[in-house]
Amino acid sequence: MKSTAAAVIVAIAGLVLVAAPATARERVHYIAADDVLWDYAPQNRDIISGKPLRALGSAQLGWAYHKAIYREYTDGRFTTLLPIPTDERYRGLAGPTIHAEVGDTVIIVFRNRTKLPVDIAPTGVVSRPMPTAVKPGATITYRWPVTAVVGPTSADTSSIVWAYISDVQQGTVDSAGLIGPLIVTRRGEARADGSPSDVDQEIVTLFSSQLEDQSPLVGENLHDRVINARGVSPHAKTFSNDNAFPSINGYVYGNMPMPAMRAHSRVRWYLLSTMNGFDGHTPTWSGQTVVFQGNRSDAVPLVFHQDVVDMVPDDPGIWLLTCSRDDHLSLGMEARYEVLP
Amino acid sequence: MLKLERHIALALIMASAVLLACTSPSQARIRTYFIAADEVTWNDAPSGSDLIAQKPLPPLAPMQLGWSYHKAIYREYVDGTFRQLKSRAPEDAYLGILGPVIHAEVGDTVVVVFRNNARFPLTVHAHGMLYIKSSEGAPYQDGVSAWNKSGDSVPHGDTFTYTWKVPDRAGPGPGDGSSVIWMYHSHQDEVDDVNTGPIGPIVVTAKGMAKPDGSPKDVDREIFAMFAQFDESSSRYFPVNIGDPRINPRHVKLVGPFVTSDDNMWTINGYSYGNMPVPSMRVGQRVRWYLLSTMSDFDFHAPHWHGNTVVVNGMRTDLAQLGPMAMTVADMTPDNPGTWLFHCHVNLHLAGGMEARYRVLP
């Protein structure tokens, strides 16, 4: 009799456990748009070929530019940057990774620390209030309810990726660098931090042709004698081409710190892209294969959107991650990643 | 009684034989290919005509050298002496500039004995396959010893043997059909090499789904089509081509530092304006089209079949989508006999001759 009661209690407890929705969380991030001096090739070498960087184009300012990027802070005073773990330094230009499980609400305390009117607007998710240009120096709090309509469908992987961007002025995404990932995990399939529980490691890569000639900071760059040491004129015939940087996380010629992963671990790559006429990429891995939309591949199309690909690396070593477009490759759209045994 | 016993014994033996045949894993094979990079003079329109419109080819663009270029392409030989080319069956003539089709079943090992007969160092770099660093065929700073770099740059006249394993992860994924397509190409200088010509297809069939030759059992005819914007001004042979009066009879000279887009050739398997030999198939056959593209900035293509439909990723269509370095499968069961157009639906590419035909026999 006692045992029957116990069994009933256990069964009910089990039912409650199964039926109970995952706890809906509020996930707070303190994110600022910051002015930074960004170097596309901080190692000052072509790390892929092992040779010096190619000569500057005739109208190229250099390898470093004033840019605006999203960075995460520890709290609303915006005085201390949230430290980026060493093994995530490869993220580079890409904004902080925001995780949410369906049902959660993301709360963004946003401060505009640039001189430009910018904002932070998620794709997919409906933001409240609606993002509009935030005045330099101002702070606004946004609520992003992560509902089922922005979560994975049954055909998706356990998590999908959206981009958050500054959408108030042309050029702030593609040229200044204001873009980051919002990862949404299916309800009940997330860890406490919102990442998918069936994945061992997540890697975010931004494939973007950053067009410095269209940057809202182009004037500042031109007039800065350190950036524009050679006194390049914006009227030079090749100004647009020479200041375009097809890059991965804001790095060219293998200057991206290498992400490392263990053989036989479950690695999920989130691929972001910007949307200008020089974008349209084919992220390509050597050494390993991936599964993309159920298909096996090692080269996936990334045209103005986001992709999720899964990899179980099995071939240790240092390998290439590149865009397979010849004009992008020639301009250094190549990085490396490492598989540890 | 004895007879009955014998019958039972026989039945048992047969039953166990059937069981064995069903459960025994298919034989893992080592498949060896002898492939050379050979220098050829490649003509994109060997008939001299636009065979789709039945009229002369369009006039040469101002900076276009012609319709023929020196190129290096992969060709298959019968053995490691590289004296005798392996002949290509007439029904495979449409493969054109593509290197030999490499077939493997999951579990196999592929060995490519590569001879570089071209004047430049070239390699064989495979997509999808599992290789150790010495068989990657791509030189870059990957932190490995010199021994492991021997396949990264094969000089003129040298031979190098690449070995690739074909594990599960090289075969079909959960949403794929019985086989998937990969590419192999030279990666000594990736950009220039692909425009130079050495590219070929690899088909990997799921374990247990392959015929002895490695092709999928549930497919009657495999067709390969590579949509390529060959940028001849980025080919390693471009200086040679400019200086050769047979290639450049009008003595076109380069003006300024910019290379011309007039030498962008819009091709399917290396052919323009319907000059690709017409592949044929029968009504009701299970035809698998493997679609590839190369790496140029304009290699965004929309292969379109007239007359029949295909299934891509489980969805019915008559138009596939390719970006640079695409490797895509489309299945067709033709029901409409005739000679049909197969072309890229991007205006500029179509106008540039990226069109071919295929034939469905009754």
# chains A, B, ... in the order shown; residues from 1 in each chain; ligands from 1

$ residues_around --residues "range 306-323 of chain A" --least-positions-apart "3" --cutoff "6 Å" --atoms "only C-alpha atoms" --output "PyMOL selection string"
(chain A and resi 263-272+281-286+288+290-292+333-341) or (chain B and resi 142)

$ interface_residues --of "chain A" --to "chain B" --cutoff "6 Å" --atoms "only C-alpha atoms" --output "mmCIF file with C-alpha atoms, in the first residue's frame"
data_model
loop_
_atom_site.group_PDB
_atom_site.id
_atom_site.type_symbol
_atom_site.label_atom_id
_atom_site.label_comp_id
_atom_site.auth_asym_id
_atom_site.auth_seq_id
_atom_site.Cartn_x
_atom_site.Cartn_y
_atom_site.Cartn_z
ATOM 1 C CA ILE A 48 48.055 32.061 -44.113
ATOM 2 C CA SER A 49 51.032 32.368 -46.447
ATOM 3 C CA THR A 289 32.747 18.397 -43.132
ATOM 4 C CA GLY A 294 20.414 18.097 -43.366
ATOM 5 C CA ASN A 295 22.916 17.996 -46.232
ATOM 6 C CA ARG A 296 26.547 17.050 -45.907
ATOM 7 C CA PRO A 301 25.974 29.459 -49.306
ATOM 8 C CA ILE A 318 45.202 23.546 -38.212
ATOM 9 C CA SER A 324 35.436 30.501 -51.651
ATOM 10 C CA ARG A 325 34.847 33.575 -53.833
ATOM 11 C CA ASP A 326 38.049 34.368 -55.681
#

$ residues_around --residues "Arg250 in chain B" --least-positions-apart "6" --cutoff "10 Å" --atoms "only C-alpha atoms" --output "PyMOL selection string"
chain B and resi 62-66+242

$ residues_around --residues "Gly92 in chain A" --least-positions-apart "5" --cutoff "12 Å" --atoms "only C-alpha atoms" --output "PyMOL selection string"
chain A and resi 36+38-42+69-71+84-87+97+177-180+203-207+247-252+255-259

$ write_last_selection --atoms "C-alpha atoms" --output "mmCIF file, in the first residue's frame"
data_model
loop_
_atom_site.group_PDB
_atom_site.id
_atom_site.type_symbol
_atom_site.label_atom_id
_atom_site.label_comp_id
_atom_site.auth_asym_id
_atom_site.auth_seq_id
_atom_site.Cartn_x
_atom_site.Cartn_y
_atom_site.Cartn_z
ATOM 1 C CA VAL A 36 37.185 51.759 -31.434
ATOM 2 C CA TRP A 38 39.902 48.525 -35.461
ATOM 3 C CA ASP A 39 42.858 46.758 -37.090
ATOM 4 C CA TYR A 40 41.962 44.201 -39.770
ATOM 5 C CA ALA A 41 45.450 42.696 -39.570
ATOM 6 C CA PRO A 42 46.757 43.219 -36.023
ATOM 7 C CA ILE A 69 31.132 48.127 -32.541
ATOM 8 C CA TYR A 70 28.926 46.601 -29.856
ATOM 9 C CA ARG A 71 30.662 45.664 -26.606
ATOM 10 C CA ILE A 84 36.113 38.088 -23.277
ATOM 11 C CA PRO A 85 37.552 34.636 -22.501
ATOM 12 C CA THR A 86 40.847 34.000 -24.283
ATOM 13 C CA ASP A 87 39.340 31.165 -26.293
ATOM 14 C CA THR A 97 26.702 36.692 -28.101
ATOM 15 C CA GLY A 177 30.651 47.262 -37.754
ATOM 16 C CA LEU A 178 27.521 47.318 -35.577
ATOM 17 C CA ILE A 179 26.293 43.711 -35.752
ATOM 18 C CA GLY A 180 26.137 40.798 -33.329
ATOM 19 C CA ILE A 203 31.414 29.408 -32.742
ATOM 20 C CA VAL A 204 30.178 32.684 -34.202
ATOM 21 C CA THR A 205 31.649 33.977 -37.440
ATOM 22 C CA LEU A 206 30.702 37.158 -39.279
ATOM 23 C CA PHE A 207 31.356 37.014 -43.018
ATOM 24 C CA SER A 247 36.726 39.824 -43.701
ATOM 25 C CA ILE A 248 35.854 37.170 -41.132
ATOM 26 C CA ASN A 249 35.003 38.698 -37.736
ATOM 27 C CA GLY A 250 36.791 41.802 -38.963
ATOM 28 C CA TYR A 251 40.070 40.045 -39.730
ATOM 29 C CA VAL A 252 41.872 39.430 -43.011
ATOM 30 C CA ASN A 255 44.792 37.467 -38.524
ATOM 31 C CA MET A 256 41.723 36.110 -36.729
ATOM 32 C CA PRO A 257 42.772 34.355 -33.501
ATOM 33 C CA MET A 258 42.197 30.643 -34.119
ATOM 34 C CA PRO A 259 39.158 29.087 -32.510
#

$ atom_distance --atom1 "CA of Tyr184 in chain B" --atom2 "CA of Val112 in chain B"
10.8 Å

$ residues_around --residues "Val218 in chain A" --least-positions-apart "4" --cutoff "10 Å" --atoms "only C-alpha atoms" --output "list in words"
Tyr65, His66, Lys67, Ser175, Ala176, Leu211, Glu212, Asp213, Gln214, Leu222, His223, Asp224 and Pro234 of chain A

$ write_last_selection --atoms "N, CA and C atoms" --output "mmCIF file, in the first residue's frame"
data_model
loop_
_atom_site.group_PDB
_atom_site.id
_atom_site.type_symbol
_atom_site.label_atom_id
_atom_site.label_comp_id
_atom_site.auth_asym_id
_atom_site.auth_seq_id
_atom_site.Cartn_x
_atom_site.Cartn_y
_atom_site.Cartn_z
ATOM 1 N N TYR A 65 41.140 51.350 -38.915
ATOM 2 C CA TYR A 65 40.133 52.384 -39.145
ATOM 3 C C TYR A 65 39.382 52.657 -37.848
ATOM 4 N N HIS A 66 38.846 53.877 -37.712
ATOM 5 C CA HIS A 66 37.874 54.127 -36.659
ATOM 6 C C HIS A 66 36.604 53.382 -37.024
ATOM 7 N N LYS A 67 36.073 52.633 -36.092
ATOM 8 C CA LYS A 67 34.826 51.918 -36.323
ATOM 9 C C LYS A 67 33.967 52.014 -35.072
ATOM 10 N N SER A 175 29.699 49.004 -42.570
ATOM 11 C CA SER A 175 30.916 49.801 -42.664
ATOM 12 C C SER A 175 31.441 50.198 -41.301
ATOM 13 N N ALA A 176 30.550 50.487 -40.378
ATOM 14 C CA ALA A 176 31.028 50.809 -39.042
ATOM 15 C C ALA A 176 31.305 49.517 -38.297
ATOM 16 N N LEU A 211 32.779 47.992 -45.954
ATOM 17 C CA LEU A 211 33.074 49.004 -46.974
ATOM 18 C C LEU A 211 33.398 50.324 -46.285
ATOM 19 N N GLU A 212 34.681 50.573 -46.086
ATOM 20 C CA GLU A 212 35.083 51.750 -45.322
ATOM 21 C C GLU A 212 34.769 53.054 -46.045
ATOM 22 N N ASP A 213 34.638 53.011 -47.373
ATOM 23 C CA ASP A 213 34.336 54.261 -48.087
ATOM 24 C C ASP A 213 32.921 54.740 -47.774
ATOM 25 N N GLN A 214 32.050 53.802 -47.339
ATOM 26 C CA GLN A 214 30.671 54.178 -47.028
ATOM 27 C C GLN A 214 30.436 54.332 -45.531
ATOM 28 N N LEU A 222 39.653 59.784 -42.783
ATOM 29 C CA LEU A 222 40.452 60.525 -43.767
ATOM 30 C C LEU A 222 41.285 61.612 -43.100
ATOM 31 N N HIS A 223 40.702 62.244 -42.087
ATOM 32 C CA HIS A 223 41.393 63.377 -41.467
ATOM 33 C C HIS A 223 42.368 62.962 -40.368
ATOM 34 N N ASP A 224 42.325 61.707 -39.986
ATOM 35 C CA ASP A 224 43.224 61.227 -38.936
ATOM 36 C C ASP A 224 44.583 60.908 -39.557
ATOM 37 N N PRO A 234 39.741 60.953 -50.988
ATOM 38 C CA PRO A 234 38.546 60.133 -51.243
ATOM 39 C C PRO A 234 38.104 60.205 -52.701
#

$ atom_distance --atom1 "CA of Ala118 in chain B" --atom2 "CA of His103 in chain B"
24.9 Å

$ select_by_dssp --residues "range 72-229 of chain A" --states "strand (DSSP E or B)" --output "PyMOL selection string"
chain A and resi 72-73+81+98-101+105-112+118+121-122+128+134+139-145+159-165+179-185+190+196+201-211

$ write_last_selection --atoms "N, CA and C atoms" --output "compact mmCIF listing (two decimals), in the first residue's frame"
# COMPACT_ATOMS: atom_id res chain seq x y z
N GLU A 72 30.09 44.49 -24.60
CA GLU A 72 29.29 44.22 -23.41
C GLU A 72 30.03 44.67 -22.15
N TYR A 73 29.25 45.26 -21.23
CA TYR A 73 29.81 45.75 -19.96
C TYR A 73 29.23 44.95 -18.80
N LEU A 81 34.37 46.66 -19.02
CA LEU A 81 34.01 45.71 -20.09
C LEU A 81 33.89 44.31 -19.51
N ILE A 98 24.35 36.92 -27.54
CA ILE A 98 23.19 36.93 -26.65
C ILE A 98 22.45 35.63 -26.83
N HIS A 99 22.23 34.92 -25.72
CA HIS A 99 21.51 33.64 -25.77
C HIS A 99 20.12 33.81 -25.18
N ALA A 100 19.17 33.10 -25.70
CA ALA A 100 17.85 33.05 -25.07
C ALA A 100 17.19 31.74 -25.43
N GLU A 101 16.37 31.25 -24.50
CA GLU A 101 15.54 30.09 -24.77
C GLU A 101 14.15 30.64 -25.09
N THR A 105 12.88 36.54 -21.93
CA THR A 105 12.91 37.92 -22.40
C THR A 105 14.33 38.44 -22.26
N VAL A 106 14.83 38.98 -23.35
CA VAL A 106 16.16 39.58 -23.30
C VAL A 106 15.98 41.06 -23.00
N ILE A 107 16.71 41.53 -22.03
CA ILE A 107 16.65 42.94 -21.68
C ILE A 107 18.00 43.57 -22.02
N ILE A 108 17.95 44.55 -22.91
CA ILE A 108 19.19 45.19 -23.35
C ILE A 108 19.22 46.61 -22.79
N VAL A 109 20.18 46.85 -21.93
CA VAL A 109 20.43 48.22 -21.50
C VAL A 109 21.50 48.74 -22.45
N PHE A 110 21.08 49.66 -23.31
CA PHE A 110 21.94 50.08 -24.41
C PHE A 110 22.42 51.51 -24.22
N ARG A 111 23.70 51.71 -24.28
CA ARG A 111 24.24 53.07 -24.23
C ARG A 111 24.99 53.36 -25.53
N ASN A 112 24.68 54.49 -26.10
CA ASN A 112 25.38 54.90 -27.31
C ASN A 112 26.57 55.75 -26.93
N VAL A 118 22.96 55.94 -33.37
CA VAL A 118 22.84 54.52 -33.71
C VAL A 118 21.83 53.87 -32.78
N ALA A 121 18.95 46.89 -32.89
CA ALA A 121 17.67 46.36 -33.32
C ALA A 121 17.82 44.90 -33.69
N PRO A 122 17.02 44.02 -33.06
CA PRO A 122 17.14 42.61 -33.42
C PRO A 122 16.38 42.34 -34.71
N ARG A 128 10.70 46.13 -27.76
CA ARG A 128 9.90 47.18 -27.13
C ARG A 128 10.78 48.03 -26.23
N VAL A 134 19.40 56.46 -31.21
CA VAL A 134 19.72 56.86 -29.84
C VAL A 134 20.79 57.94 -29.91
N THR A 139 21.12 56.53 -22.92
CA THR A 139 20.95 55.13 -22.56
C THR A 139 19.47 54.78 -22.66
N ILE A 140 19.16 53.64 -23.26
CA ILE A 140 17.77 53.19 -23.38
C ILE A 140 17.72 51.71 -23.03
N THR A 141 16.62 51.29 -22.40
CA THR A 141 16.44 49.87 -22.10
C THR A 141 15.39 49.28 -23.03
N TYR A 142 15.74 48.19 -23.68
CA TYR A 142 14.83 47.50 -24.60
C TYR A 142 14.47 46.14 -24.03
N ARG A 143 13.25 45.72 -24.30
CA ARG A 143 12.83 44.35 -23.97
C ARG A 143 12.61 43.58 -25.26
N TRP A 144 13.24 42.44 -25.37
CA TRP A 144 13.08 41.58 -26.55
C TRP A 144 12.40 40.28 -26.11
N PRO A 145 11.09 40.18 -26.21
CA PRO A 145 10.45 38.92 -25.85
C PRO A 145 10.75 37.86 -26.92
N SER A 159 19.01 25.15 -31.99
CA SER A 159 19.15 26.60 -31.83
C SER A 159 19.34 27.24 -33.19
N ILE A 160 18.90 28.47 -33.31
CA ILE A 160 19.10 29.21 -34.55
C ILE A 160 19.68 30.58 -34.20
N VAL A 161 20.11 31.29 -35.21
CA VAL A 161 20.78 32.57 -34.93
C VAL A 161 20.09 33.71 -35.70
N TRP A 162 19.93 34.82 -35.01
CA TRP A 162 19.47 36.07 -35.62
C TRP A 162 20.59 37.08 -35.47
N ALA A 163 20.48 38.17 -36.20
CA ALA A 163 21.47 39.24 -36.02
C ALA A 163 20.80 40.39 -35.31
N TYR A 164 21.52 41.10 -34.47
CA TYR A 164 21.07 42.42 -34.04
C TYR A 164 22.01 43.44 -34.66
N ILE A 165 21.43 44.52 -35.10
CA ILE A 165 22.18 45.48 -35.90
C ILE A 165 21.75 46.91 -35.55
N ILE A 179 27.06 44.95 -35.52
CA ILE A 179 26.29 43.71 -35.75
C ILE A 179 26.75 42.66 -34.75
N GLY A 180 25.80 41.87 -34.26
CA GLY A 180 26.14 40.80 -33.33
C GLY A 180 25.08 39.70 -33.41
N PRO A 181 25.33 38.56 -32.74
CA PRO A 181 24.44 37.41 -32.84
C PRO A 181 23.47 37.27 -31.66
N LEU A 182 22.23 36.93 -31.98
CA LEU A 182 21.22 36.56 -30.98
C LEU A 182 20.85 35.11 -31.25
N ILE A 183 21.21 34.23 -30.31
CA ILE A 183 20.99 32.80 -30.50
C ILE A 183 19.75 32.38 -29.72
N VAL A 184 18.82 31.74 -30.39
CA VAL A 184 17.57 31.32 -29.76
C VAL A 184 17.50 29.79 -29.74
N THR A 185 17.36 29.24 -28.55
CA THR A 185 17.31 27.78 -28.38
C THR A 185 15.87 27.34 -28.14
N ALA A 190 17.63 24.03 -23.63
CA ALA A 190 18.72 24.97 -23.33
C ALA A 190 19.37 24.66 -21.99
N PRO A 196 22.33 25.72 -26.43
CA PRO A 196 21.67 24.42 -26.63
C PRO A 196 22.41 23.29 -25.90
N GLN A 201 30.16 23.08 -28.18
CA GLN A 201 30.84 24.36 -28.40
C GLN A 201 30.15 25.12 -29.51
N GLU A 202 29.99 26.43 -29.30
CA GLU A 202 29.40 27.30 -30.32
C GLU A 202 30.46 28.26 -30.83
N ILE A 203 30.46 28.46 -32.14
CA ILE A 203 31.41 29.41 -32.74
C ILE A 203 30.63 30.38 -33.62
N VAL A 204 30.86 31.66 -33.41
CA VAL A 204 30.18 32.68 -34.20
C VAL A 204 31.17 33.28 -35.19
N THR A 205 30.79 33.30 -36.46
CA THR A 205 31.65 33.98 -37.44
C THR A 205 30.81 34.93 -38.27
N LEU A 206 31.35 36.12 -38.48
CA LEU A 206 30.70 37.16 -39.28
C LEU A 206 31.45 37.28 -40.60
N PHE A 207 30.78 36.86 -41.67
CA PHE A 207 31.36 37.01 -43.02
C PHE A 207 30.82 38.32 -43.58
N SER A 208 31.70 39.29 -43.73
CA SER A 208 31.22 40.61 -44.11
C SER A 208 32.24 41.34 -44.97
N SER A 209 31.73 41.98 -46.02
CA SER A 209 32.57 42.92 -46.75
C SER A 209 32.36 44.28 -46.12
N GLN A 210 33.30 44.69 -45.30
CA GLN A 210 33.19 46.00 -44.65
C GLN A 210 33.68 47.06 -45.64
N LEU A 211 32.78 47.99 -45.95
CA LEU A 211 33.07 49.00 -46.97
C LEU A 211 33.40 50.32 -46.29

$ residues_around --residues "Ile199 in chain B" --least-positions-apart "5" --cutoff "7 Å" --atoms "only C-alpha atoms" --output "PyMOL selection string"
chain B and resi 74+98-99+184-186+194

$ closest_residue --among "B:Thr196, B:Ser272, B:Thr41, B:Ser87" --to "Pro58 in chain B" --atoms "only C-alpha atoms"
B:Ser272

$ residues_around --residues "Pro59 in chain B" --least-positions-apart "6" --cutoff "12 Å" --atoms "only C-alpha atoms" --output "count of residues only"
8

$ closest_residue --among "A:Trp63, A:Pro136, A:Ala299, A:Arg54" --to "Leu292 in chain B" --atoms "only C-alpha atoms"
A:Ala299

$ atom_distance --atom1 "CA of Ile52 in chain B" --atom2 "CA of Ser68 in chain B"
19.4 Å

$ closest_residue --among "B:Asp79, B:Asp44, B:Asp92, B:Glu39" --to "Phe224 in chain B" --atoms "only C-alpha atoms"
B:Asp92

$ select_by_dssp --residues "range 209-260 of chain A" --states "alpha helix (DSSP H)" --output "count of residues only"
10

$ closest_residue --among "A:Val173, A:Leu116, A:Ile31, A:Leu61" --to "Ala236 in chain A" --atoms "only C-alpha atoms"
A:Leu61
